[in-house]
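Okay, so here's the structure we're looking at.
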Amino acid sequence: MAFSLNLPKLSIMGQGAVADSIEELVQQPINKPLIVTDNNLLDLGVLDSLFAALESKSIEYYVFNQVTPNPTASLVRAGYQAYLDNDCDCFIAVGGGSPVDCAKAIRIMSANPGDICDYNGIGKVINAGGYFIAINTTAGTAAEMTSNSVITDEENKVKMVIIDAKQIPDVAVNDPDLMIGLPANITASTGMDSLTHAIESYVTPGAHTLTEPTALEAIKLIAKWLPVAVKDGADIEARDKLACAQFLAGMSFNSAGLGLVHAMAHQPGATHNLPHGVCNAILLPIVCEFNAAVSPERFRAIAEAMGADTSKLNDVEAASLSVKKIRDLSELVGIPGGLAELGIVEDDIGGWIDKAMSDPCLGGNPRQPSPKDIIELFKRAM
């Protein structure tokens with residue numbers, strides 16, 4: 001069976017990667033980039049090295065810094081208007097998943113007819129749009145190199161998942177210098193998001209010979225280095241290893257797909273504006289228990305990648321150990337123990353079931369759930 005592996009044209013990793021990306025930009029027929037970011041990163045000076053690199057090449061730019069967590073359709077429309085009003089013709093996103101996803105969506109609007117809500121789903125984007133550099137500042141979402149964007153349709157209270165290879169940035173940048181000082185809670189949540197990407201893409205029926213080893217290596221790196229980075233945000237080796245891990249996880253899920261964790265996590269994220277990585281982390285061990293019933297041998301490999309000795313265990317026992325390792329890691333890095341700690345109540349669950357069942361990520365799950373299953377899994381996550 002044939003499979004595809006869609007990647008950026010160029011990926012630049014390591015210290016100094018930002019400056020190298022601008023060397024690539026000046027080779028393109030561009031005039032003025034729209035820089036999409038959030039105000040916190042701007043205030044913290046995270047973009048200073050980017051501004052210096054652009055100014056050294058006499059490149060004009062406009063900064064759209066209104067991005068918030070869980071970007072909305074209205075925010076995308078505002079960004080598109082800024083793109084038009086300032087005569088921009090290309091894009092630089094700086095941040096984690098929210099700024100990069102927002103830039104992806106603005107780029108769709110810049111090159112395609114209609115509204116961003118018209119592109120919810122798979123394979124609906126017609127034109128890619130202007131040259132696009134995505135500079136990652138967290139080690140979690142892999143948005144800088146994947147074909148997905150997640151935008152909240154606030155009118156319908158649903159997270160749209162736009163999946164199309166035309167969204168993949170031209171250049172993906174992972175410079176660990178930009179990740180130094182990332183707060184421990186964000187380090188933890190984005191790291192667990194990355195772990196979810198790796199695990200879901202490893203157990204999905206879409207996994208293949210190129211995604212399986214990258215997913216397992218990502219799991220191995222995250223299990224080892226995430227606690228280090230949470231404890232010491234200035235550890236440059238930990239930041240670099242986690243950046244590589246989330247990129248590998250992105251390579252895997254960009255081709256193999258995701259699953260039920262994401263289909264469920266999108267729902268409280270949309271209705272309660274909660275951090276995506278935290279929702280994933282809470283749901284991950286619960287969904288892994290559900291999936292292990294049909295593929296325990298896959299979870300044996302996950303347990304081993306997380307450092308467990310499974311030599312004296314059968315597949316079912318090893319799968320249970322993998323779930324314990326996931327829970328232990330979540331607790332170690334300070335993830336909340338359940339959805340109730342985030343302000344969720346059981347009455348919220350009913351409004352999520354149909355949306356979870358229709359989420360594009362669900363098709364990649366190795367065990368297809370019923371609505372009753374999803375209700376039970378949400379209750380267990382409380």
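Just remember, in the structure tokens the first chain shown is A, the second B, etc., residues are 1-based per chain, and ligands are 1-based in the order shown.
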Next on the checklist: Based on the backbone DSSP call, show me all residues of segment 92-297 of chain A assigned helix (DSSP H, G or I), as a ChimeraX atom specification.
Outcome noted: /A:97-111,116-119,143-145,165-167,176-179,184-203,211-231,236-256,260-272,276-292,296-297
Item to check | DSSP-assigned strand (DSSP E) members of segment 117-286 of chain A, reported as a list of chain:residue names | outcome: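 Listing strand (DSSP E) positions across segment 117-286 of chain A yields A:Gly121, A:Ile122, A:Phe132, A:Ile133, A:Ala134, A:Ile135, A:Asn136, A:Asn148, A:Ser149, A:Val150, A:Ile151, A:Thr152, A:Asp153, A:Val158, A:Lys159, A:Met160, A:Val161, A:Ile162, A:Ile163, A:Val171, A:Ala172, A:Val173, A:Asn174.
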Next on the checklist: Ranking A:Val125, A:Ile349, A:Ala82, A:Ile199 by minimum distance to Pro285 of chain A and counting only C-alpha atoms, which one comes first?
Outcome noted: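 Among the listed residues, the smallest separation from Pro285 of chain A belongs to A:Ile199.
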Exercise: Phe64 of chain A partners within 8 Å, only C-alpha atoms, chain neighbours under 2 positions left out, as a JSON list (two decimals) with all heavy atoms, in the first residue's frame:
```
[["chain", "number", "residue", "atom", "x", "y", "z"],
["A", 34, "LEU", "N", 3.84, 39.62, 6.61],
["A", 34, "LEU", "CA", 2.98, 39.80, 7.77],
["A", 34, "LEU", "C", 3.52, 38.86, 8.85],
["A", 34, "LEU", "O", 3.57, 37.65, 8.65],
["A", 34, "LEU", "CB", 1.53, 39.42, 7.44],
["A", 34, "LEU", "CG", 0.55, 39.52, 8.62],
["A", 34, "LEU", "CD1", 0.25, 40.98, 8.95],
["A", 34, "LEU", "CD2", -0.74, 38.76, 8.32],
["A", 35, "ILE", "N", 3.94, 39.44, 9.98],
["A", 35, "ILE", "CA", 4.42, 38.64, 11.11],
["A", 35, "ILE", "C", 3.24, 38.38, 12.04],
["A", 35, "ILE", "O", 2.62, 39.32, 12.54],
["A", 35, "ILE", "CB", 5.56, 39.34, 11.85],
["A", 35, "ILE", "CG1", 6.75, 39.55, 10.91],
["A", 35, "ILE", "CG2", 5.97, 38.53, 13.08],
["A", 35, "ILE", "CD1", 7.91, 40.32, 11.53],
["A", 36, "VAL", "N", 2.91, 37.13, 12.24],
["A", 36, "VAL", "CA", 1.77, 36.74, 13.06],
["A", 36, "VAL", "C", 2.29, 36.17, 14.37],
["A", 36, "VAL", "O", 3.04, 35.19, 14.38],
["A", 36, "VAL", "CB", 0.89, 35.70, 12.33],
["A", 36, "VAL", "CG1", -0.31, 35.33, 13.20],
["A", 36, "VAL", "CG2", 0.44, 36.23, 10.98],
["A", 37, "THR", "N", 1.90, 36.79, 15.49],
["A", 37, "THR", "CA", 2.42, 36.37, 16.79],
["A", 37, "THR", "C", 1.44, 36.80, 17.87],
["A", 37, "THR", "O", 0.33, 37.25, 17.59],
["A", 37, "THR", "CB", 3.83, 36.96, 17.02],
["A", 37, "THR", "OG1", 4.41, 36.37, 18.18],
["A", 37, "THR", "CG2", 3.78, 38.47, 17.19],
["A", 38, "ASP", "N", 1.85, 36.65, 19.13],
["A", 38, "ASP", "CA", 1.01, 37.15, 20.23],
["A", 38, "ASP", "C", 1.77, 38.22, 21.01],
["A", 38, "ASP", "O", 2.99, 38.33, 20.93],
["A", 38, "ASP", "CB", 0.54, 36.02, 21.15],
["A", 38, "ASP", "CG", 1.65, 35.35, 21.92],
["A", 38, "ASP", "OD1", 2.33, 36.04, 22.72],
["A", 38, "ASP", "OD2", 1.86, 34.13, 21.75],
["A", 62, "TYR", "N", 5.10, 43.96, 8.78],
["A", 62, "TYR", "CA", 4.01, 44.43, 9.65],
["A", 62, "TYR", "C", 3.72, 43.34, 10.66],
["A", 62, "TYR", "O", 3.64, 42.16, 10.31],
["A", 62, "TYR", "CB", 2.74, 44.74, 8.85],
["A", 62, "TYR", "CG", 1.61, 45.22, 9.74],
["A", 62, "TYR", "CD1", 1.58, 46.53, 10.19],
["A", 62, "TYR", "CD2", 0.61, 44.34, 10.18],
["A", 62, "TYR", "CE1", 0.56, 46.98, 11.04],
["A", 62, "TYR", "CE2", -0.39, 44.77, 11.02],
["A", 62, "TYR", "CZ", -0.41, 46.09, 11.46],
["A", 62, "TYR", "OH", -1.40, 46.52, 12.31],
["A", 66, "GLN", "N", -2.14, 40.10, 17.67],
["A", 66, "GLN", "CA", -3.38, 39.95, 18.43],
["A", 66, "GLN", "C", -3.75, 38.50, 18.74],
["A", 66, "GLN", "O", -4.81, 38.23, 19.30],
["A", 66, "GLN", "CB", -4.53, 40.59, 17.64],
["A", 66, "GLN", "CG", -4.36, 42.09, 17.40],
["A", 66, "GLN", "CD", -5.46, 42.66, 16.53],
["A", 66, "GLN", "OE1", -6.57, 42.14, 16.51],
["A", 66, "GLN", "NE2", -5.15, 43.71, 15.79],
["A", 67, "VAL", "N", -2.89, 37.56, 18.37],
["A", 67, "VAL", "CA", -3.26, 36.15, 18.50],
["A", 67, "VAL", "C", -3.42, 35.77, 19.97],
["A", 67, "VAL", "O", -2.61, 36.13, 20.82],
["A", 67, "VAL", "CB", -2.21, 35.24, 17.84],
["A", 67, "VAL", "CG1", -2.59, 33.77, 17.99],
["A", 67, "VAL", "CG2", -2.05, 35.59, 16.36],
["A", 79, "GLY", "N", -6.78, 39.27, 11.02],
["A", 79, "GLY", "CA", -5.43, 39.12, 10.49],
["A", 79, "GLY", "C", -5.38, 39.26, 8.98],
["A", 79, "GLY", "O", -4.45, 39.86, 8.43],
["A", 82, "ALA", "N", -5.56, 42.88, 8.15],
["A", 82, "ALA", "CA", -4.25, 43.51, 8.37],
["A", 82, "ALA", "C", -3.30, 43.20, 7.22],
["A", 82, "ALA", "O", -2.52, 44.06, 6.78],
["A", 82, "ALA", "CB", -3.66, 43.02, 9.69]]
```
Item to check | Nearest candidate to Ser58 of chain A (options A:Asn31, A:Ser110, A:Asn70, A:Ser149; using only C-alpha atoms) | outcome: A:Asn31
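Considering only C-alpha atoms, the residue among A:Ala73, A:Val333, A:Phe247, A:Ala381 positioned nearest to Asp232 of chain A is A:Val333.
Distances to Gly123 of chain A were evaluated for A:Asn136, A:Ala165, A:Ala111, A:Ser358 using only C-alpha atoms, and the minimum falls at A:Ala165.
Here the question is which of A:Leu258, A:Ala305, A:Ala292, A:Leu44 gets nearest to Ile180 of chain A using only C-alpha atoms, and that residue is A:Leu44.
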Write out as CSV a residue-level contact list of segment 162-205 of chain A versus segment 89-96 of chain A with cut-off 12 Å: for each qualifying residue the closest pair of atoms and the distance in Å to one decimal, counting only C-alpha atoms, rows sorted by chain and residue number upward.
```
residue,atom,partner,partner_atom,distance
A:Gln167,CA,A:Phe91,CA,11.9
A:Pro169,CA,A:Phe91,CA,9.2
A:Asp170,CA,A:Phe91,CA,9.9
A:Val171,CA,A:Ile92,CA,9.5
A:Ala172,CA,A:Ala93,CA,9.8
A:Val173,CA,A:Val94,CA,9.4
A:Asn174,CA,A:Val94,CA,10.4
A:Asp175,CA,A:Val94,CA,11.1
A:Leu178,CA,A:Gly95,CA,9.2
A:Met179,CA,A:Gly95,CA,9.7
A:Leu182,CA,A:Gly96,CA,10.9
A:Ile186,CA,A:Gly96,CA,10.0
A:Thr187,CA,A:Gly96,CA,10.8
A:Ser189,CA,A:Gly96,CA,11.5
A:Thr190,CA,A:Gly96,CA,8.6
A:Gly191,CA,A:Gly96,CA,11.6
A:Asp193,CA,A:Gly96,CA,11.5
A:Ser194,CA,A:Gly96,CA,11.9
```
Residues at most 10 Å from His262 of chain A, counting only C-alpha atoms, excluding those fewer than 5 positions away in the same chain, as a CSV table (one decimal) with all heavy atoms, in the first residue's frame?
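After the write, part-v8.csv holds the following:
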```
chain,number,residue,atom,x,y,z
A,193,ASP,N,1.4,17.4,24.7
A,193,ASP,CA,0.7,17.5,23.4
A,193,ASP,C,1.5,16.7,22.4
A,193,ASP,O,1.0,15.9,21.6
A,193,ASP,CB,0.5,18.9,23.0
A,193,ASP,CG,-0.3,19.1,21.7
A,193,ASP,OD1,-1.1,18.2,21.4
A,193,ASP,OD2,-0.1,20.1,21.0
A,196,THR,N,1.3,13.0,22.9
A,196,THR,CA,0.0,12.6,22.4
A,196,THR,C,0.1,12.4,20.9
A,196,THR,O,-0.4,11.4,20.3
A,196,THR,CB,-1.2,13.5,22.7
A,196,THR,OG1,-1.2,13.8,24.1
A,196,THR,CG2,-2.5,13.0,22.3
A,197,HIS,N,0.7,13.3,20.2
A,197,HIS,CA,0.9,13.2,18.7
A,197,HIS,C,1.6,11.9,18.4
A,197,HIS,O,1.3,11.1,17.5
A,197,HIS,CB,1.7,14.4,18.2
A,197,HIS,CG,1.0,15.7,18.2
A,197,HIS,ND1,1.6,16.9,18.2
A,197,HIS,CD2,-0.4,16.0,18.3
A,197,HIS,CE1,0.7,17.8,18.3
A,197,HIS,NE2,-0.5,17.3,18.4
A,200,GLU,N,-0.6,8.6,19.5
A,200,GLU,CA,-1.7,8.4,18.6
A,200,GLU,C,-1.3,8.0,17.2
A,200,GLU,O,-1.9,7.1,16.5
A,200,GLU,CB,-2.6,9.7,18.5
A,200,GLU,CG,-3.4,9.9,19.8
A,200,GLU,CD,-4.7,10.6,19.6
A,200,GLU,OE1,-4.7,11.8,19.3
A,200,GLU,OE2,-5.7,10.0,19.7
A,267,GLN,N,-13.1,19.4,22.1
A,267,GLN,CA,-14.4,19.8,22.6
A,267,GLN,C,-14.3,20.7,23.8
A,267,GLN,O,-14.8,21.9,23.7
A,267,GLN,CB,-15.3,18.6,22.8
A,267,GLN,CG,-15.3,17.6,21.6
A,267,GLN,CD,-15.3,18.3,20.2
A,267,GLN,OE1,-16.0,19.2,20.0
A,267,GLN,NE2,-14.5,17.7,19.4
A,276,HIS,N,-4.9,23.3,24.9
A,276,HIS,CA,-5.1,22.0,24.1
A,276,HIS,C,-4.2,20.9,24.7
A,276,HIS,O,-4.6,19.7,24.9
A,276,HIS,CB,-4.7,22.3,22.7
A,276,HIS,CG,-4.7,21.1,21.8
A,276,HIS,ND1,-5.8,20.3,21.6
A,276,HIS,CD2,-3.7,20.5,21.1
A,276,HIS,CE1,-5.5,19.3,20.8
A,276,HIS,NE2,-4.2,19.4,20.5
A,277,GLY,N,-3.0,21.2,25.0
A,277,GLY,CA,-2.0,20.2,25.5
A,277,GLY,C,-2.5,19.6,26.9
A,277,GLY,O,-2.3,18.4,27.1
A,279,CYS,N,-5.7,19.4,27.9
A,279,CYS,CA,-6.8,18.5,27.6
A,279,CYS,C,-6.3,17.2,27.1
A,279,CYS,O,-6.8,16.1,27.5
A,279,CYS,CB,-7.8,19.2,26.6
A,279,CYS,SG,-8.6,20.6,27.3
A,280,ASN,N,-5.4,17.2,26.1
A,280,ASN,CA,-4.8,16.0,25.6
A,280,ASN,C,-4.2,15.1,26.7
A,280,ASN,O,-4.4,13.9,26.8
A,280,ASN,CB,-3.7,16.3,24.6
A,280,ASN,CG,-4.2,16.5,23.2
A,280,ASN,OD1,-5.4,16.1,22.9
A,280,ASN,ND2,-3.5,17.1,22.3
A,283,LEU,N,-6.7,13.3,28.9
A,283,LEU,CA,-7.4,12.2,28.2
A,283,LEU,C,-6.5,11.1,27.7
A,283,LEU,O,-7.0,10.0,27.5
A,283,LEU,CB,-8.2,12.9,27.0
A,283,LEU,CG,-9.4,13.7,27.3
A,283,LEU,CD1,-9.7,14.6,26.2
A,283,LEU,CD2,-10.6,12.9,27.7
A,284,LEU,N,-5.2,11.4,27.5
A,284,LEU,CA,-4.4,10.4,26.9
A,284,LEU,C,-4.3,9.0,27.6
A,284,LEU,O,-4.6,8.0,26.9
A,284,LEU,CB,-2.9,11.0,26.8
A,284,LEU,CG,-1.9,10.1,26.1
A,284,LEU,CD1,-2.3,9.7,24.7
A,284,LEU,CD2,-0.5,10.8,26.2
A,356,ALA,N,-17.5,15.4,18.8
A,356,ALA,CA,-16.4,14.5,18.9
A,356,ALA,C,-16.5,13.3,17.9
A,356,ALA,O,-15.5,12.9,17.2
A,356,ALA,CB,-16.2,13.9,20.3
A,359,ASP,N,-15.5,14.7,14.5
A,359,ASP,CA,-14.2,15.3,14.4
A,359,ASP,C,-13.3,14.5,13.4
A,359,ASP,O,-13.3,13.3,13.4
A,359,ASP,CB,-13.5,15.3,15.8
A,359,ASP,CG,-12.2,16.1,15.8
A,359,ASP,OD1,-11.2,15.7,15.2
A,359,ASP,OD2,-12.2,17.2,16.4
A,360,PRO,N,-12.6,15.2,12.5
A,360,PRO,CA,-11.8,14.5,11.5
A,360,PRO,C,-10.7,13.6,12.1
A,360,PRO,O,-10.2,12.6,11.4
A,360,PRO,CB,-11.1,15.6,10.7
A,360,PRO,CG,-12.0,16.8,10.9
A,360,PRO,CD,-12.6,16.6,12.3
A,361,CYS,N,-10.3,13.8,13.3
A,361,CYS,CA,-9.2,13.0,13.9
A,361,CYS,C,-9.7,11.6,14.3
A,361,CYS,O,-8.9,10.7,14.4
A,361,CYS,CB,-8.6,13.7,15.1
A,361,CYS,SG,-7.7,15.2,14.8
A,362,LEU,N,-11.0,11.5,14.5
A,362,LEU,CA,-11.5,10.2,15.0
A,362,LEU,C,-11.3,9.0,14.1
A,362,LEU,O,-11.0,7.9,14.5
A,362,LEU,CB,-13.0,10.4,15.3
A,362,LEU,CG,-13.7,9.1,15.9
A,362,LEU,CD1,-13.1,8.8,17.3
A,362,LEU,CD2,-15.2,9.4,16.1
A,365,ASN,N,-8.4,6.5,14.8
A,365,ASN,CA,-8.3,5.8,16.0
A,365,ASN,C,-8.4,4.3,15.7
A,365,ASN,O,-9.2,3.8,14.9
A,365,ASN,CB,-9.4,6.1,17.0
A,365,ASN,CG,-9.1,5.9,18.4
A,365,ASN,OD1,-8.1,6.5,19.0
A,365,ASN,ND2,-9.8,5.0,19.1
```
Item to check | Within 12 Å of Gly351 of chain A using only C-alpha atoms, minus same-chain residues under 6 positions, as a VMD selection string | outcome: chain A and resid 156 to 158 264 267 to 268 270 to 271 345 357 371 374 to 375 378
Checklist entry - Which of these, A:Ala198, A:Ile219, A:Ala308, A:Ala128, has the shortest distance to Phe253 of chain A once you count only C-alpha atoms? => result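 Checking each of A:Ala198, A:Ile219, A:Ala308, A:Ala128 against Phe253 of chain A, counting only C-alpha atoms, the winner is A:Ala198.
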Item to check | Contact residues around Asp309 of chain A with only C-alpha atoms at 12 Å, ignoring same-chain residues under 3 positions, as a PyMOL selection string | outcome: chain A and resi 300-306+312-314+317-319+321-322+325
Checklist entry - Between atom CA of Gly364 of chain A and atom CA of Ser252 of chain A, what is the distance, to one decimal in Å? => result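 Those two atoms sit 12.6 Å apart.
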Checklist entry - Within 10 Å of Asp115 of chain A, counting only C-alpha atoms, which residues qualify if same-chain residues fewer than 3 places away don't, as a ChimeraX atom specification? => result /A:73,76-77,105,108-109,112,118-119
Next on the checklist: Please report the interatomic distance between atom CA of Glu237 of chain A and atom CA of Ala223 of chain A in Å with one decimal.
Outcome noted: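 These two atoms are separated by 14.3 Å.
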Checklist entry - Suppose you want the space between atom CA of Ala265 of chain A and atom CA of Thr211 of chain A; what is it in Å? => result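 Computing the Euclidean distance for atom CA of Ala265 of chain A and atom CA of Thr211 of chain A yields 22.8 Å.
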